[in-house]
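*Asks:* So here's data_31.txt (compact mmCIF, C-alpha atoms).
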# COMPACT_ATOMS: atom_id res chain seq x y z
CA MET M 983 33.52 13.29 2.75
CA THR M 984 34.49 14.87 -0.59
CA THR M 985 32.51 17.79 -2.00
CA ARG M 986 31.14 15.55 -4.74
CA SER M 987 29.98 12.80 -2.40
CA ASN M 988 28.60 15.43 -0.04
CA GLU M 989 26.58 16.85 -2.92
CA ARG M 990 25.30 13.41 -3.86
CA LYS M 991 24.10 12.95 -0.28
CA LEU M 992 22.46 16.38 -0.32
CA ALA M 993 20.66 15.49 -3.55
CA VAL M 994 19.51 12.12 -2.17
CA ASP M 995 18.23 13.75 1.05
CA ALA M 996 16.41 16.45 -0.96
CA THR M 997 14.82 13.72 -3.10
CA THR M 998 13.62 11.92 0.03
CA SER M 999 12.09 15.19 1.31
CA ALA M 1000 10.43 15.83 -2.06
CA LEU M 1001 8.93 12.34 -2.01
CA LEU M 1002 7.54 12.93 1.48
CA THR M 1003 6.10 16.38 0.87
CA LEU M 1004 5.18 16.41 -2.82
CA GLY M 1005 5.13 12.78 -3.90
CA ILE M 1006 6.91 11.31 -6.93
CA ASP M 1007 5.74 14.16 -9.18
CA GLY M 1008 7.79 16.52 -7.04
CA VAL M 1009 11.01 14.67 -7.94
CA ARG M 1010 12.52 16.59 -10.85
CA LEU M 1011 16.18 17.37 -11.31
CA GLU M 1012 15.59 21.11 -11.69
CA ARG M 1013 13.63 21.17 -8.43
CA ILE M 1014 16.32 19.18 -6.58
CA ALA M 1015 18.95 21.55 -8.00
CA ALA M 1016 16.98 24.55 -6.70
CA LEU M 1017 16.47 22.93 -3.28
CA THR M 1018 20.16 22.02 -2.83
CA SER M 1019 21.85 24.87 -4.75
CA ILE M 1020 23.74 22.22 -6.72
CA PRO M 1021 24.02 23.23 -10.39
CA GLU M 1022 21.52 21.21 -12.42
CA HIS M 1023 24.17 20.08 -14.93
CA MET M 1024 26.09 18.42 -12.08
CA LEU M 1025 23.02 16.44 -11.08
CA TRP M 1026 22.68 15.26 -14.68
CA GLU M 1027 26.38 14.27 -14.68
CA ASP M 1028 26.06 12.40 -11.38
CA PHE M 1029 22.70 10.70 -11.83
CA ASP M 1030 22.09 10.77 -15.59
CA SER M 1031 18.29 10.99 -15.24
CA ARG M 1032 15.44 11.26 -12.73
CA GLU M 1033 15.47 7.45 -12.55
CA GLY M 1034 19.20 7.51 -11.71
CA LEU M 1035 18.50 9.91 -8.86
CA VAL M 1036 15.64 7.71 -7.64
CA ALA M 1037 17.88 4.61 -7.83
CA ALA M 1038 20.52 6.31 -5.67
CA THR M 1039 17.81 7.47 -3.24
CA ILE M 1040 16.17 4.06 -2.84
CA ALA M 1041 19.58 2.39 -2.38
CA HIS M 1042 20.37 4.93 0.35
CA LEU M 1043 16.96 4.50 2.02
CA PHE M 1044 17.24 0.69 2.05
CA GLU M 1045 20.79 0.91 3.43
CA GLN M 1046 19.64 3.21 6.25
CA VAL M 1047 16.69 0.95 7.03
CA LEU M 1048 18.95 -2.12 7.24
CA ILE M 1049 21.55 -0.39 9.42
CA THR M 1050 18.89 0.95 11.81
CA GLY M 1051 17.09 -2.39 11.94
CA PHE M 1052 20.24 -4.42 12.43
CA LEU M 1053 21.57 -2.18 15.23
CA ASP M 1054 18.21 -2.10 17.04
CA LEU M 1055 17.92 -5.89 16.83
CA GLU M 1056 21.47 -6.33 18.13
CA ARG M 1057 20.54 -4.25 21.17
CA SER M 1058 17.32 -6.20 21.83
CA GLU M 1059 16.56 -9.63 23.33
CA ARG M 1060 16.12 -10.83 19.72
CA THR M 1061 12.68 -12.33 20.27
CA VAL M 1062 9.85 -12.38 17.69
CA GLU M 1063 8.21 -9.53 19.64
CA ASP M 1064 11.40 -7.46 19.49
CA ALA M 1065 11.78 -8.09 15.77
CA ILE M 1066 8.22 -6.91 15.12
CA ASP M 1067 8.69 -3.81 17.29
CA VAL M 1068 11.94 -2.95 15.47
CA LEU M 1069 10.32 -3.53 12.07
CA TRP M 1070 7.31 -1.41 12.94
CA SER M 1071 9.45 1.48 14.19
CA ILE M 1072 11.16 1.42 10.78
CA PHE M 1073 7.93 1.14 8.79
CA ASP M 1074 6.36 3.93 10.80
CA GLY M 1075 9.24 6.24 9.87
CA GLU M 1076 9.87 8.69 7.05
CA GLN M 1077 12.32 6.50 5.14
CA MET M 1078 9.71 3.81 4.52
CA ARG M 1079 7.06 6.43 3.72
CA ALA M 1080 9.30 7.71 0.95
CA CYS M 1081 9.75 4.12 -0.32
CA MET M 1082 5.97 3.58 -0.35
CA GLU M 1083 5.44 6.68 -2.46
CA LEU M 1084 7.80 5.13 -5.00
CA TYR M 1085 6.02 1.74 -4.87
CA ALA M 1086 2.62 3.35 -5.47
CA ALA M 1087 3.98 5.32 -8.44
CA ALA M 1088 5.53 2.15 -9.90
CA TYR M 1089 2.03 0.97 -10.85
CA ARG M 1090 1.94 3.42 -13.75
CA ASP M 1091 5.60 4.24 -14.37
CA GLU M 1092 7.53 1.54 -16.19
CA GLU M 1093 10.91 3.29 -15.94
CA LEU M 1094 10.51 3.68 -12.22
CA ARG M 1095 9.57 0.02 -11.95
CA GLY M 1096 12.79 -0.83 -13.80
CA VAL M 1097 14.77 0.98 -11.09
CA LEU M 1098 12.85 -0.51 -8.17
CA VAL M 1099 12.83 -4.19 -9.20
CA PRO M 1100 16.57 -4.89 -8.66
CA ALA M 1101 16.72 -2.61 -5.59
CA LEU M 1102 13.85 -4.44 -3.87
CA ALA M 1103 15.24 -7.88 -4.78
CA LYS M 1104 18.60 -6.96 -3.22
CA HIS M 1105 16.88 -5.50 -0.15
CA ARG M 1106 14.78 -8.66 0.28
CA ALA M 1107 17.93 -10.82 0.18
CA ASN M 1108 19.50 -8.65 2.88
CA VAL M 1109 16.39 -8.82 5.07
CA ARG M 1110 16.29 -12.62 4.65
CA ALA M 1111 19.94 -12.82 5.79
CA ILE M 1112 19.10 -10.81 8.93
CA ALA M 1113 16.02 -13.00 9.58
CA HIS M 1114 18.16 -16.12 9.18
CA ASP M 1115 20.57 -14.75 11.74
CA LEU M 1116 17.66 -13.89 14.07
CA PHE M 1117 15.73 -17.15 13.87
CA GLY M 1118 18.79 -19.41 13.83
CA SER M 1119 20.10 -22.00 11.44
CA HIS M 1120 17.63 -24.64 12.73
CA THR M 1121 14.76 -22.87 10.94
CA SER M 1122 14.34 -23.92 7.31
CA PRO M 1123 15.02 -21.34 4.55
CA GLN M 1124 11.47 -21.93 3.24
CA THR M 1125 9.93 -20.97 6.58
CA ILE M 1126 12.19 -17.93 6.87
CA ASP M 1127 11.21 -16.84 3.37
CA LEU M 1128 7.51 -17.32 4.17
CA ILE M 1129 7.83 -15.24 7.35
CA VAL M 1130 9.87 -12.49 5.68
CA ARG M 1131 7.48 -12.15 2.74
CA GLY M 1132 4.39 -12.26 4.97
CA ALA M 1133 5.83 -9.79 7.48
CA MET M 1134 6.99 -7.40 4.74
CA ALA M 1135 3.58 -7.40 3.05
CA LEU M 1136 1.70 -6.88 6.32
CA MET M 1137 4.07 -4.13 7.48
CA HIS M 1138 3.81 -2.28 4.17
CA GLY M 1139 0.02 -2.49 4.27
CA ALA M 1140 -0.23 -1.44 7.92
CA ALA M 1141 2.12 1.50 7.29
CA LEU M 1142 0.17 2.55 4.21
CA LEU M 1143 -3.10 2.50 6.16
CA ALA M 1144 -1.82 3.92 9.48
CA PRO M 1145 -2.26 7.66 8.72
CA ILE M 1146 -5.83 7.07 7.55
CA SER M 1147 -7.27 4.33 9.69
CA GLY M 1148 -4.85 3.36 12.47
CA GLY M 1149 -5.56 -0.01 14.08
CA GLU M 1150 -2.10 -1.32 13.30
CA ALA M 1151 -1.71 -2.84 16.80
CA VAL M 1152 -4.35 -5.46 15.93
CA ALA M 1153 -2.65 -6.25 12.62
CA LEU M 1154 0.75 -6.57 14.34
CA GLU M 1155 -0.73 -8.95 16.94
CA PHE M 1156 -2.03 -11.06 14.05
CA LEU M 1157 1.50 -11.07 12.59
CA ARG M 1158 3.02 -12.17 15.92
CA GLY M 1159 0.62 -15.13 16.06
CA GLY M 1160 1.39 -16.05 12.45
CA ILE M 1161 5.16 -15.99 12.98
CA ARG M 1162 4.99 -18.01 16.21
CA SER M 1163 2.83 -20.58 14.49
CA ALA M 1164 5.12 -20.82 11.43
CA LEU M 1165 8.15 -21.32 13.69
CA ALA M 1166 6.36 -23.94 15.80
CA LEU M 1167 5.31 -25.86 12.69
CA ASP M 1168 8.85 -25.70 11.32
CA ALA M 1169 10.26 -27.05 14.61
CA LEU M 1170 7.91 -30.07 14.38
CA ARG M 1171 9.17 -31.03 10.91
CA MET T 397 -42.91 15.62 -14.43
CA ALA T 398 -41.36 13.44 -17.15
CA ALA T 399 -38.94 16.25 -18.04
CA GLY T 400 -37.88 16.45 -14.37
CA VAL T 401 -37.15 12.72 -14.26
CA ALA T 402 -35.14 12.95 -17.50
CA THR T 403 -33.10 15.86 -16.07
CA GLN T 404 -32.46 13.88 -12.89
CA GLN T 405 -31.35 10.85 -14.87
CA ARG T 406 -29.03 12.98 -17.02
CA ALA T 407 -27.52 14.54 -13.89
CA HIS T 408 -27.02 11.07 -12.38
CA ARG T 409 -25.28 9.87 -15.57
CA THR T 410 -22.98 12.92 -15.68
CA ARG T 411 -22.08 12.47 -12.02
CA LYS T 412 -21.28 8.79 -12.58
CA ARG T 413 -19.16 9.62 -15.65
CA LEU T 414 -17.17 12.13 -13.63
CA LEU T 415 -16.59 9.63 -10.82
CA GLU T 416 -15.50 6.89 -13.25
CA ALA T 417 -13.22 9.35 -15.08
CA THR T 418 -11.61 10.26 -11.74
CA VAL T 419 -10.96 6.58 -10.97
CA ARG T 420 -9.35 6.04 -14.42
CA CYS T 421 -7.30 9.18 -13.99
CA LEU T 422 -6.01 8.06 -10.57
CA VAL T 423 -4.96 4.70 -12.00
CA GLU T 424 -3.28 6.09 -15.11
CA ARG T 425 -1.88 9.44 -13.94
CA GLY T 426 -1.61 9.17 -10.17
CA PHE T 427 -2.84 11.51 -7.48
CA ALA T 428 -0.94 14.62 -8.67
CA GLY T 429 -2.00 13.99 -12.26
CA THR T 430 -5.69 13.81 -11.31
CA THR T 431 -6.63 17.40 -12.09
CA THR T 432 -10.17 18.63 -12.69
CA THR T 433 -9.08 19.59 -16.25
CA GLU T 434 -8.02 16.00 -16.95
CA VAL T 435 -11.16 14.56 -15.34
CA VAL T 436 -13.55 16.70 -17.42
CA ARG T 437 -11.56 15.88 -20.59
CA ARG T 438 -11.99 12.15 -19.93
CA ALA T 439 -15.64 12.48 -18.90
CA GLU T 440 -16.33 14.72 -21.89
CA VAL T 441 -18.17 17.32 -19.82
CA SER T 442 -17.44 20.99 -19.07
CA GLN T 443 -15.61 22.34 -15.99
CA GLY T 444 -18.91 24.04 -15.12
CA ALA T 445 -20.70 20.70 -15.09
CA LEU T 446 -18.05 19.24 -12.78
CA PHE T 447 -18.36 22.07 -10.28
CA LYS T 448 -22.13 21.87 -10.43
CA HIS T 449 -21.89 18.31 -9.09
CA PHE T 450 -18.81 18.67 -6.89
CA ALA T 451 -17.99 21.96 -5.15
CA SER T 452 -14.21 21.40 -5.22
CA LYS T 453 -11.53 18.86 -6.13
CA ASP T 454 -11.49 17.70 -2.48
CA VAL T 455 -15.23 17.00 -2.64
CA LEU T 456 -14.79 15.16 -5.96
CA LEU T 457 -12.07 12.96 -4.43
CA ARG T 458 -14.13 12.30 -1.29
CA GLU T 459 -17.14 11.26 -3.38
CA THR T 460 -14.87 9.12 -5.59
CA VAL T 461 -13.64 7.29 -2.51
CA ASP T 462 -17.23 6.64 -1.37
CA HIS T 463 -18.11 5.49 -4.90
CA LEU T 464 -15.10 3.12 -4.98
CA PHE T 465 -15.82 1.72 -1.52
CA ASP T 466 -19.50 1.14 -2.35
CA GLN T 467 -18.48 -0.87 -5.41
CA LEU T 468 -15.79 -2.77 -3.51
CA LEU T 469 -18.22 -3.65 -0.73
CA ASP T 470 -20.69 -5.03 -3.26
CA ASP T 471 -17.87 -7.08 -4.77
CA TYR T 472 -16.82 -8.41 -1.33
CA ARG T 473 -20.38 -9.34 -0.47
CA ASN T 474 -21.08 -11.13 -3.77
CA LEU T 475 -17.80 -13.03 -3.85
CA PHE T 476 -17.88 -14.07 -0.22
CA LEU T 477 -21.51 -15.14 -0.38
CA GLU T 478 -20.45 -17.54 -3.10
CA LEU T 479 -17.60 -18.81 -0.91
CA ALA T 480 -19.64 -19.25 2.25
CA ARG T 481 -21.52 -22.06 0.53
CA SER T 482 -18.43 -24.28 0.47
CA GLU T 483 -16.84 -24.41 3.90
CA ASP T 484 -14.18 -27.05 3.26
CA ARG T 485 -11.60 -24.68 1.67
CA LEU T 486 -13.01 -21.45 3.08
CA VAL T 487 -9.76 -19.77 4.20
CA ASP T 488 -7.78 -20.69 1.06
CA ASP T 489 -10.59 -19.61 -1.25
CA ALA T 490 -11.21 -16.40 0.68
CA VAL T 491 -7.52 -15.41 0.35
CA ASP T 492 -7.58 -16.19 -3.38
CA VAL T 493 -10.75 -14.16 -3.92
CA LEU T 494 -9.42 -11.21 -1.92
CA TRP T 495 -6.17 -11.27 -3.87
CA THR T 496 -8.05 -11.17 -7.19
CA MET T 497 -9.94 -8.13 -5.94
CA PHE T 498 -6.76 -6.40 -4.83
CA GLN T 499 -5.40 -6.53 -8.36
CA THR T 500 -8.28 -4.66 -9.97
CA ASP T 501 -8.11 -1.07 -11.20
CA ARG T 502 -10.48 -0.05 -8.40
CA MET T 503 -7.96 -1.18 -5.80
CA LYS T 504 -5.13 0.50 -7.72
CA ALA T 505 -7.09 3.76 -7.49
CA VAL T 506 -7.61 3.21 -3.74
CA LEU T 507 -3.90 2.48 -3.18
CA THR T 508 -2.99 5.63 -5.14
CA LEU T 509 -5.25 7.67 -2.86
CA TYR T 510 -3.82 6.08 0.30
CA ALA T 511 -0.26 6.85 -0.84
CA GLY T 512 -1.31 10.41 -1.74
CA ALA T 513 -2.81 10.84 1.74
CA HIS T 514 0.68 10.46 3.22
CA HIS T 515 1.66 13.88 1.87
CA ASP T 516 -1.73 15.60 1.43
CA SER T 517 -3.52 16.47 4.66
CA SER T 518 -6.86 17.47 3.06
CA LEU T 519 -7.02 14.13 1.23
CA ARG T 520 -6.16 12.40 4.51
CA ASP T 521 -9.04 14.20 6.25
CA ALA T 522 -11.38 13.28 3.40
CA LEU T 523 -10.36 9.62 3.50
CA ARG T 524 -10.58 9.02 7.25
CA PRO T 525 -14.39 8.90 7.67
CA ALA T 526 -14.83 7.00 4.38
CA VAL T 527 -12.23 4.39 5.40
CA ALA T 528 -13.78 4.07 8.89
CA ARG T 529 -17.21 3.46 7.32
CA HIS T 530 -15.73 0.98 4.85
CA ARG T 531 -13.93 -0.89 7.64
CA ALA T 532 -17.15 -1.15 9.66
CA ASN T 533 -18.96 -2.45 6.57
CA ILE T 534 -16.26 -5.06 5.88
CA ARG T 535 -16.38 -6.19 9.52
CA ALA T 536 -20.16 -6.52 9.25
CA VAL T 537 -19.86 -8.57 6.05
CA ALA T 538 -17.19 -10.77 7.69
CA ASN T 539 -19.33 -11.28 10.81
CA GLU T 540 -22.31 -12.14 8.66
CA LEU T 541 -20.51 -14.57 6.36
CA PHE T 542 -17.93 -16.15 8.63
CA ALA T 543 -19.95 -16.45 11.83
CA SER T 544 -19.39 -20.21 11.75
CA VAL T 545 -15.59 -20.04 11.81
CA GLY T 546 -14.75 -17.55 14.51
CA GLN T 547 -15.76 -15.31 17.36
CA LYS T 548 -16.20 -11.60 16.63
CA ASP T 549 -12.98 -10.45 18.41
CA GLN T 550 -10.94 -13.07 16.62
CA LEU T 551 -12.53 -12.17 13.33
CA ASP T 552 -11.59 -8.52 13.82
CA GLY T 553 -7.90 -9.46 14.21
CA ILE T 554 -8.07 -11.67 11.14
CA VAL T 555 -9.80 -8.98 9.06
CA ARG T 556 -7.23 -6.33 10.11
CA GLY T 557 -4.29 -8.67 9.51
CA ALA T 558 -5.63 -9.85 6.17
CA MET T 559 -6.42 -6.32 4.95
CA ALA T 560 -2.96 -5.06 5.92
CA THR T 561 -1.27 -8.02 4.21
CA MET T 562 -3.38 -7.62 1.07
CA HIS T 563 -2.73 -3.88 0.84
CA GLY T 564 1.02 -4.43 1.29
CA ALA T 565 1.18 -7.32 -1.18
CA ALA T 566 -0.77 -5.31 -3.76
CA LEU T 567 1.57 -2.34 -3.28
CA LEU T 568 4.65 -4.53 -3.73
CA PHE T 569 3.35 -6.77 -6.50
CA PRO T 570 4.23 -4.55 -9.52
CA ILE T 571 7.84 -4.57 -8.30
CA SER T 572 8.22 -8.04 -6.78
CA GLY T 573 6.13 -9.76 -9.46
CA ASP T 574 5.23 -12.54 -7.04
CA GLU T 575 3.50 -12.36 -3.68
CA THR T 576 2.72 -16.10 -3.43
CA ALA T 577 4.79 -16.49 -0.26
CA ALA T 578 3.07 -13.53 1.43
CA LEU T 579 -0.33 -15.04 0.64
CA GLY T 580 0.92 -18.44 1.88
CA PHE T 581 1.91 -16.81 5.16
CA LEU T 582 -1.49 -15.12 5.39
CA ARG T 583 -3.33 -18.44 4.92
CA ALA T 584 -1.18 -20.08 7.62
CA ALA T 585 -1.64 -17.13 10.00
CA ILE T 586 -5.42 -17.17 9.58
CA GLY T 587 -5.43 -20.93 10.13
CA ALA T 588 -3.33 -20.49 13.29
CA ALA T 589 -5.62 -17.70 14.59
CA LEU T 590 -8.69 -19.88 14.10
CA GLU T 591 -7.03 -22.94 15.61
CA GLY T 592 -5.82 -20.98 18.64
CA GLU T 593 -9.40 -20.03 19.32
CA ASN T 594 -10.79 -23.56 19.18
Take the structure from the file and write it as structure tokens.
*Replies:*
Amino acid sequence: MTTRSNERKLAVDATTSALLTLGIDGVRLERIAALTSIPEHMLWEDFDSREGLVAATIAHLFEQVLITGFLDLERSERTVEDAIDVLWSIFDGEQMRACMELYAAAYRDEELRGVLVPALAKHRANVRAIAHDLFGSHTSPQTIDLIVRGAMALMHGAALLAPISGGEAVALEFLRGGIRSALALDALR
Amino acid sequence: MAAGVATQQRAHRTRKRLLEATVRCLVERGFAGTTTTEVVRRAEVSQGALFKHFASKDVLLRETVDHLFDQLLDDYRNLFLELARSEDRLVDDAVDVLWTMFQTDRMKAVLTLYAGAHHDSSLRDALRPAVARHRANIRAVANELFASVGQKDQLDGIVRGAMATMHGAALLFPISGDETAALGFLRAAIGAALEGEN
């Protein structure tokens, strides 16, 4: 890894930490420079703005989430239960917590929203491709899309609520039933 | 006597203004931007008045959560009472009504607090009992209104699943712009849960 790419990774990791400990308001280039000992002007050269740094961070987080999820699924029996367990272990982790901080801030920050929209669309397409591989070509794309969107929404909500209220096991059981039912209905068509 | 009542009413109005200003501040400036200075500016009261009603920022946030949940519970009850009268499209209508509620500023303030609780332990501690009470209230409303469609255990799973899906869809909506498929999945999953029971 070159010094420059090493520094980019350091900056992205420091941004993830700042999101987890301070929230989006803690993500400022001068703070990341101080945390990483990278000169601030180099961060401006590399990322151009706070939004550029956030874009690089979210791309890295989504990539890590996909790699982890894909490898864990490959090692499993590839059942619906396994897929939900793998998904939940990802959503219960720090990478997704950092993503959720960004989502919540996007309500009031238009520039941040501009960064997140294409990143999430790309991530969704990748997740759909993995789901297609998991559920097989005999399941219709519409059903796969329905399951992916439903599962993503429920997982995000359960992860958002988990530190405050818990009870995610019941919500995940509900998801299992919903997915099984959607697949059974699709098979009948 | 009359002067005492007037003082009480004025205190009640000030308190309400501070709570509403905190909600607006959470929606527009986020958790970190919700400072007592900003809240008193919006409520047009002094810092002294704020601390007379709320001993600290933590107390103000805790009371704001209770205030938000009280209003949300009233909304749930009113909207679902209306729905319970027409049973033919109950699940579809209930999902639509919930989704409308999850796009209000009140819910945006709640989501901001939940996200803030991930990195602020005192907020997390303040939210836990309020959320537990709110959950119990929602379950009671669901049991009361949907007694005809499901058993209590089943209803609990549906309420938890629906609330998680709604929170997630509301969080993603400003970025995805469309959560129709997630809501479609939710309707189908509720239908399947109810069918599995019968």
*Asks:* Using only C-alpha atoms, what table do you get, as CSV, when you list each residue of chain T with an atom no more than 8 Å from chain M, its nearest pair of atoms, and their distance in Å rounded to one decimal, rows by chain then rising number?
*Replies:*
residue,atom,partner,partner_atom,distance
T:Val423,CA,M:Arg1090,CA,7.2
T:Glu424,CA,M:Arg1090,CA,6.0
T:Arg425,CA,M:Arg1090,CA,7.1
T:Gly426,CA,M:Ala1087,CA,7.0
T:Ala428,CA,M:Asp1007,CA,6.7
T:Lys504,CA,M:Tyr1089,CA,7.8
T:Leu507,CA,M:Ala1086,CA,7.0
T:Thr508,CA,M:Ala1086,CA,6.1
T:Tyr510,CA,M:Leu1142,CA,6.6
T:Ala511,CA,M:Glu1083,CA,5.9
T:Gly512,CA,M:Gly1005,CA,7.2
T:Ala513,CA,M:Ile1146,CA,7.6
T:His514,CA,M:Pro1145,CA,6.8
T:His515,CA,M:Thr1003,CA,5.2
T:Asp516,CA,M:Thr1003,CA,7.9
T:Arg520,CA,M:Ile1146,CA,6.1
T:Asp521,CA,M:Ile1146,CA,7.9
T:Leu523,CA,M:Ile1146,CA,6.6
T:Arg524,CA,M:Ile1146,CA,5.1
T:Val527,CA,M:Ser1147,CA,6.6
T:Ala528,CA,M:Ser1147,CA,6.6
T:Gly553,CA,M:Val1152,CA,5.6
T:Ile554,CA,M:Phe1156,CA,6.7
T:Arg556,CA,M:Ala1153,CA,5.2
T:Gly557,CA,M:Ala1153,CA,4.3
T:Ala558,CA,M:Leu1136,CA,7.9
T:Met559,CA,M:Gly1139,CA,7.5
T:Ala560,CA,M:Gly1139,CA,4.3
T:Thr561,CA,M:Leu1136,CA,3.8
T:Met562,CA,M:Gly1139,CA,6.9
T:His563,CA,M:Gly1139,CA,4.6
T:Gly564,CA,M:Gly1139,CA,3.7
T:Ala565,CA,M:Ala1135,CA,4.9
T:Leu567,CA,M:Ala1086,CA,6.2
T:Leu568,CA,M:Tyr1085,CA,6.5
T:Pro570,CA,M:Tyr1089,CA,6.1
T:Ile571,CA,M:Val1099,CA,5.1
T:Ser572,CA,M:Val1099,CA,6.5
T:Glu575,CA,M:Arg1131,CA,7.6
T:Ala577,CA,M:Leu1128,CA,5.3
T:Ala578,CA,M:Gly1132,CA,4.0
T:Leu579,CA,M:Gly1132,CA,7.0
T:Gly580,CA,M:Leu1128,CA,7.1
T:Phe581,CA,M:Gly1132,CA,5.2
T:Leu582,CA,M:Gly1132,CA,6.6
T:Ala584,CA,M:Gly1160,CA,6.8
T:Ala585,CA,M:Gly1160,CA,4.0
T:Ile586,CA,M:Gly1160,CA,7.5
T:Ala588,CA,M:Ser1163,CA,6.3
T:Ala589,CA,M:Gly1159,CA,6.9
*Asks:* Just how far from atom CA of M:Glu1012 is atom CA of M:Ser987, in Å to one decimal?
*Replies:*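 Interatomic distance here is 19.0 Å.
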*Asks:* Just give me the gap between atom CA of T:Glu416 and atom CA of T:Ala445 in Å, one decimal is fine.
*Replies:*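 Between atom CA of T:Glu416 and atom CA of T:Ala445 the gap works out to 14.9 Å.
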*Asks:* Using all atoms listed in the file, can you tell me which of M:Lys1104, M:Glu989, M:Ile1049, M:Ile1126 comes closest to M:Glu1022?
*Replies:*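 For M:Glu1022, the nearest of the candidates is M:Glu989.
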*Asks:* Record the distance separating atom CA of T:Arg531 and atom CA of T:His449, expressed in Å with one decimal.
*Replies:*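 Rounded to one decimal, the two atoms are 26.7 Å apart.
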*Asks:* Give me the residues within 9 Å of M:Ala1169 as a list in words, counting only C-alpha atoms and dropping any in the same chain fewer than 4 places off.
*Replies:*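 That gives His1120, Thr1121, Ser1122, Ala1164 and Leu1165 of chain M.
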*Asks:* Do you know which residues are at most 9 Å from M:Cys1081 counting all atoms listed in the file, after dropping those on the same chain fewer than 6 positions away, and could you put them as a list of chain:residue names?
*Replies:*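 Residues near the query, excluding close chain neighbours: M:Thr998, M:Leu1001, M:Ile1040, M:Leu1043, M:Phe1044.
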*Asks:* Go ahead and find all residues with at least one atom no further than 12 Å from (-10.7, 12.2, -18.7) in the file's coordinates, using all atoms listed in the file; report them as a list of chain:residue names.
*Replies:* T:Arg413, T:Leu414, T:Leu415, T:Glu416, T:Ala417, T:Thr418, T:Val419, T:Arg420, T:Cys421, T:Leu422, T:Val423, T:Glu424, T:Arg425, T:Gly429, T:Thr430, T:Thr431, T:Thr432, T:Thr433, T:Glu434, T:Val435, T:Val436, T:Arg437, T:Arg438, T:Ala439, T:Glu440, T:Val441, T:Ser442, T:Gln443, T:Leu446
